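Right, one structure below, let's go through it.
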Amino acid sequence: MDELSPDRIRQALADVRHPTSGQSVVTLGMVSGIVVKGRNVGFALEVPAADAQKLEPLRRACEEAVKALPGVGSCTVVLTAERGPPPDMQARPAAPAPTRAGPPGIDKIIAVASGKGGVGKSTTAINLACGLRAAGLRVGLLDADIYGPSMPRMAGLSGRPTTADGKKMQPMEVAGVKLMSMGFLVEEETPMIWRGPMVQSALQQMLGDVAWGELDIMVVDMPPGTGDAQLTMAQKVPLAGAIIVSTPQDIALLDARKAINMFRRVDVPILGIVENMSYFCCPNCGHRTEIFAHGGARECAAKYNVDFLAEIPLDIVIRETSDSGRPIVVSQPDSPQAQAYMNLALTVRDKLAGPTGVKPFPRIVDA
């Protein structure tokens, strides 16, 4: 069996043809950033921004071509807006660069993201937002998880937003944090069966059609993964940085690396990584158990030259307060669990205010 390598991946992609030109995606220079980790392969397919939707079948064809290789367990292909058109498209007008204009009055916007679901990203986002508010900042929280909005329940809020002028909705509030979520606009059990353009439109409306007022920082709870919602926020909104949430085990960190690479490709700085469910302390005897291993996120941060921001314990109190709509930073501010989130909030506050900004992400050079 041939060893998996970037060259082997390119060989497999040489037979995948662009639907318009008929040339190979490799010949056209569309394939970039090939990463091979064990049996997992990922790379970007650079396309004109205006053609991204109609070239989705081409993306799938590239995935299938690589998955057919012996030894490949998974393949992830991300469509990205290319820096220049392929050679056969040089005569076409270049697509305009995406404008990144946030709502007026908001100083900084940060994304809380993860490569996969179930790692505690939303719990981290709401407690981070409440911690920033407790630190004296004016804070907004946007639940951008269109398909699975959980913030209304975590914030203990229900009902629908009101509007004073018939144009802009008034955000809800939890502990002084202004909050908007699709969960306020649809019933909790209603499935959101939306395609990419509808997701993009909903996100832009929740940003632009909400009376956010003056904010020092907006925390955006991103949906898991690296799909339409993530690219919309990264390409349309002036994100000051992204925080990646992961649990310590290898399978979660594999997806966290995908999230890091996605933000890197759209020039969004990585503020750092949070290791959630880092350890468990028995409430009866105090014995510490590292259920999901430990330290994996810290090692990932060191490998990718980004900051390691915090270790958050796996704790029943965090789960109970989240399920009951009482974020632990608000309901039990003096508890050790709340202090872990407060330390995270203070670290993020200081990083955003620092003179040198965040560490740049190193470029991955194909072998």
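Scheme for the structure tokens: letters A, B, ... for chains in order shown; per-chain residue numbers from 1; ligand numbers from 1 in order shown.
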Test item, helix (DSSP H, G or I) assignment across stretch 86-264 of chain A, answer as number ranges by chain: A: 87-89, 121-134, 151-155, 182-184, 196-208, 228-236, 250-264
Dump C-alpha atoms for the selected residues as a compact mmCIF listing (two decimals), in the first residue's frame?
# COMPACT_ATOMS: atom_id res chain seq x y z
CA PRO A 87 -5.60 29.90 -15.62
CA ASP A 88 -8.63 29.20 -17.83
CA MET A 89 -10.61 31.93 -16.09
CA LYS A 121 -18.81 25.16 23.22
CA SER A 122 -22.11 26.89 24.04
CA THR A 123 -21.61 26.48 27.77
CA THR A 124 -18.19 28.05 27.37
CA ALA A 125 -19.59 30.88 25.24
CA ILE A 126 -22.33 31.96 27.65
CA ASN A 127 -20.10 31.76 30.73
CA LEU A 128 -17.36 33.65 28.89
CA ALA A 129 -19.86 36.36 27.95
CA CYS A 130 -21.14 36.61 31.53
CA GLY A 131 -17.56 36.69 32.80
CA LEU A 132 -16.68 39.56 30.48
CA ARG A 133 -19.78 41.41 31.70
CA ALA A 134 -18.75 40.79 35.32
CA MET A 151 -28.76 29.82 24.28
CA PRO A 152 -32.40 30.55 25.23
CA ARG A 153 -32.46 27.50 27.49
CA MET A 154 -28.98 28.13 28.91
CA ALA A 155 -29.93 31.73 29.64
CA MET A 182 -32.82 31.94 16.40
CA GLY A 183 -34.28 30.00 19.32
CA PHE A 184 -36.32 33.10 20.21
CA GLY A 196 -26.51 27.71 2.91
CA PRO A 197 -27.92 30.99 1.52
CA MET A 198 -30.76 30.94 4.07
CA VAL A 199 -28.28 30.42 6.90
CA GLN A 200 -26.16 33.32 5.65
CA SER A 201 -29.21 35.59 5.43
CA ALA A 202 -30.36 34.67 8.96
CA LEU A 203 -26.94 35.41 10.44
CA GLN A 204 -26.69 38.75 8.68
CA GLN A 205 -30.16 39.71 9.93
CA MET A 206 -29.39 38.78 13.52
CA LEU A 207 -26.33 40.99 13.29
CA GLY A 208 -27.73 43.92 11.34
CA ASP A 228 -21.58 27.83 5.65
CA ALA A 229 -22.20 29.59 8.96
CA GLN A 230 -18.52 29.63 9.85
CA LEU A 231 -17.46 30.95 6.45
CA THR A 232 -20.20 33.59 6.50
CA MET A 233 -19.04 34.93 9.85
CA ALA A 234 -15.37 34.74 8.93
CA GLN A 235 -15.75 36.40 5.53
CA LYS A 236 -18.49 38.95 6.25
CA ASP A 250 -7.67 12.73 20.14
CA ILE A 251 -10.89 12.52 18.11
CA ALA A 252 -12.07 15.92 19.36
CA LEU A 253 -8.66 17.48 18.82
CA LEU A 254 -8.62 16.25 15.22
CA ASP A 255 -11.74 18.32 14.56
CA ALA A 256 -10.36 21.24 16.57
CA ARG A 257 -7.40 21.34 14.19
CA LYS A 258 -9.83 21.60 11.28
CA ALA A 259 -11.45 24.61 12.93
CA ILE A 260 -8.04 26.23 13.45
CA ASN A 261 -7.11 25.67 9.81
CA MET A 262 -10.43 27.04 8.60
CA PHE A 263 -10.04 30.31 10.52
CA ARG A 264 -6.43 30.56 9.42
Write out as a PyMOL selection string which residues come within 12 Å of A:Glu64 when counting only C-alpha atoms, dropping same-chain ones fewer than 6 positions away. chain A and resi 9+12-13+15-16+41+57-58+72-77
Which residues are close to A:Lys167, i.e. within 8 Å by only C-alpha atoms, leaving aside same-chain residues fewer than 3 positions away? Reply as a PyMOL selection string. chain A and resi 163-164+209
Find the residue from A:Ile106, A:Val25, A:Ala175, A:Ala240 that sits nearest to A:Ser331; use only C-alpha atoms when measuring.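 Closest residue, counting only C-alpha atoms: A:Ala175.
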Which distance in Å separates atom CA of A:Glu299 and atom CA of A:Val35, to one decimal?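 Distance reported for this atom pair: 18.1 Å.
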Taking only stretch 13-178 of chain A into account, list the residues labelled strand (DSSP E) by DSSP (computed from the backbone), as a VMD selection string. chain A and resid 31 to 37 40 to 47 74 to 81 106 to 113 139 to 143 172 to 174 177 to 178
Just give me the gap between atom CA of A:Met342 and atom CA of A:Ile316 in Å, one decimal is fine.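 Taking atom CA of A:Met342 as the start and atom CA of A:Ile316 as the end point, the length is 18.2 Å.
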Excluding A:Gln339 and its own-chain neighbours fewer than 4 positions away, which residues fall within 10 Å of it when counting only C-alpha atoms? Please give them as a PyMOL selection string. chain A and resi 131+312+328-329+332-335+343-345
Selection from above, N, CA and C atoms, as an mmCIF file, in the first residue's frame, can you write it?
data_model
loop_
_atom_site.group_PDB
_atom_site.id
_atom_site.type_symbol
_atom_site.label_atom_id
_atom_site.label_comp_id
_atom_site.auth_asym_id
_atom_site.auth_seq_id
_atom_site.Cartn_x
_atom_site.Cartn_y
_atom_site.Cartn_z
ATOM 1 N N GLY A 131 -18.794 36.316 32.125
ATOM 2 C CA GLY A 131 -17.559 36.691 32.803
ATOM 3 C C GLY A 131 -17.028 38.026 32.319
ATOM 4 N N ILE A 312 -11.141 23.769 31.789
ATOM 5 C CA ILE A 312 -12.455 23.817 32.437
ATOM 6 C C ILE A 312 -12.801 22.401 32.887
ATOM 7 N N ILE A 328 -23.228 29.422 35.503
ATOM 8 C CA ILE A 328 -22.567 29.304 36.801
ATOM 9 C C ILE A 328 -21.798 30.561 37.173
ATOM 10 N N VAL A 329 -21.325 31.307 36.197
ATOM 11 C CA VAL A 329 -20.628 32.559 36.496
ATOM 12 C C VAL A 329 -21.563 33.553 37.168
ATOM 13 N N GLN A 332 -23.355 31.073 40.714
ATOM 14 C CA GLN A 332 -22.412 30.692 41.772
ATOM 15 C C GLN A 332 -21.045 31.330 41.488
ATOM 16 N N PRO A 333 -20.974 32.654 41.514
ATOM 17 C CA PRO A 333 -19.757 33.344 41.076
ATOM 18 C C PRO A 333 -18.522 33.038 41.903
ATOM 19 N N ASP A 334 -18.683 32.600 43.134
ATOM 20 C CA ASP A 334 -17.528 32.336 43.993
ATOM 21 C C ASP A 334 -17.053 30.891 43.923
ATOM 22 N N SER A 335 -17.728 30.060 43.158
ATOM 23 C CA SER A 335 -17.348 28.648 43.074
ATOM 24 C C SER A 335 -16.077 28.482 42.242
ATOM 25 N N ASN A 343 -11.437 33.440 34.961
ATOM 26 C CA ASN A 343 -10.040 33.553 34.544
ATOM 27 C C ASN A 343 -9.920 33.543 33.020
ATOM 28 N N LEU A 344 -10.739 32.715 32.370
ATOM 29 C CA LEU A 344 -10.768 32.706 30.913
ATOM 30 C C LEU A 344 -11.207 34.072 30.378
ATOM 31 N N ALA A 345 -12.265 34.634 30.978
ATOM 32 C CA ALA A 345 -12.774 35.928 30.523
ATOM 33 C C ALA A 345 -11.724 37.024 30.683
#
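With only C-alpha atoms as the atoms that count, the minimum distance from A:Pro327 to the choices A:Ala242, A:Ala353, A:Met277, A:Val177 is reached by A:Val177.
For the pair atom CA of A:Cys300 and atom CA of A:Glu275, the interatomic distance is 10.1 Å.
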Just checking: using only C-alpha atoms, which residue out of A:Phe43, A:Trp212, A:Tyr341, A:Phe308 ends up closest to A:Met169?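 Of A:Phe43, A:Trp212, A:Tyr341, A:Phe308, the one nearest A:Met169, counting only C-alpha atoms, is A:Trp212.
If only C-alpha atoms are the atoms counted, then among A:Gln53, A:Thr20, A:Gln337, A:Ser324 the closest residue to A:Ser150 is A:Ser324.
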Long-range neighbours of A:Gly105 as a compact mmCIF listing (two decimals) with C-alpha atoms, in the first residue's frame, 10 Å cut-off, only C-alpha atoms, 3 positions minimum in chain:
# COMPACT_ATOMS: atom_id res chain seq x y z
CA GLY A 102 -19.93 44.64 11.66
CA LYS A 108 -14.79 43.81 18.88
CA ALA A 211 -30.58 46.98 18.18
CA TRP A 212 -27.35 45.89 19.85
CA GLY A 213 -26.41 49.40 20.94
CA GLU A 214 -22.89 50.18 22.13
CA LEU A 215 -20.87 47.07 22.98
CA ASP A 216 -17.26 46.58 23.97
CA ILE A 217 -17.35 42.99 22.77
Name the residues in contact with A:Phe292 at a cut-off of 8 Å, using only C-alpha atoms, excluding same-chain residues fewer than 4 positions from it; report them as a ChimeraX atom specification. /A:247-249,277-279
Could you write out the selected residues, including C-alpha atoms, as an mmCIF file, in the first residue's frame?
data_model
loop_
_atom_site.group_PDB
_atom_site.id
_atom_site.type_symbol
_atom_site.label_atom_id
_atom_site.label_comp_id
_atom_site.auth_asym_id
_atom_site.auth_seq_id
_atom_site.Cartn_x
_atom_site.Cartn_y
_atom_site.Cartn_z
ATOM 1 C CA THR A 247 -12.113 18.151 24.923
ATOM 2 C CA PRO A 248 -8.739 16.442 25.522
ATOM 3 C CA GLN A 249 -9.263 13.234 23.539
ATOM 4 C CA MET A 277 -14.035 18.623 30.423
ATOM 5 C CA SER A 278 -10.343 18.639 31.241
ATOM 6 C CA TYR A 279 -10.664 16.614 34.438
#
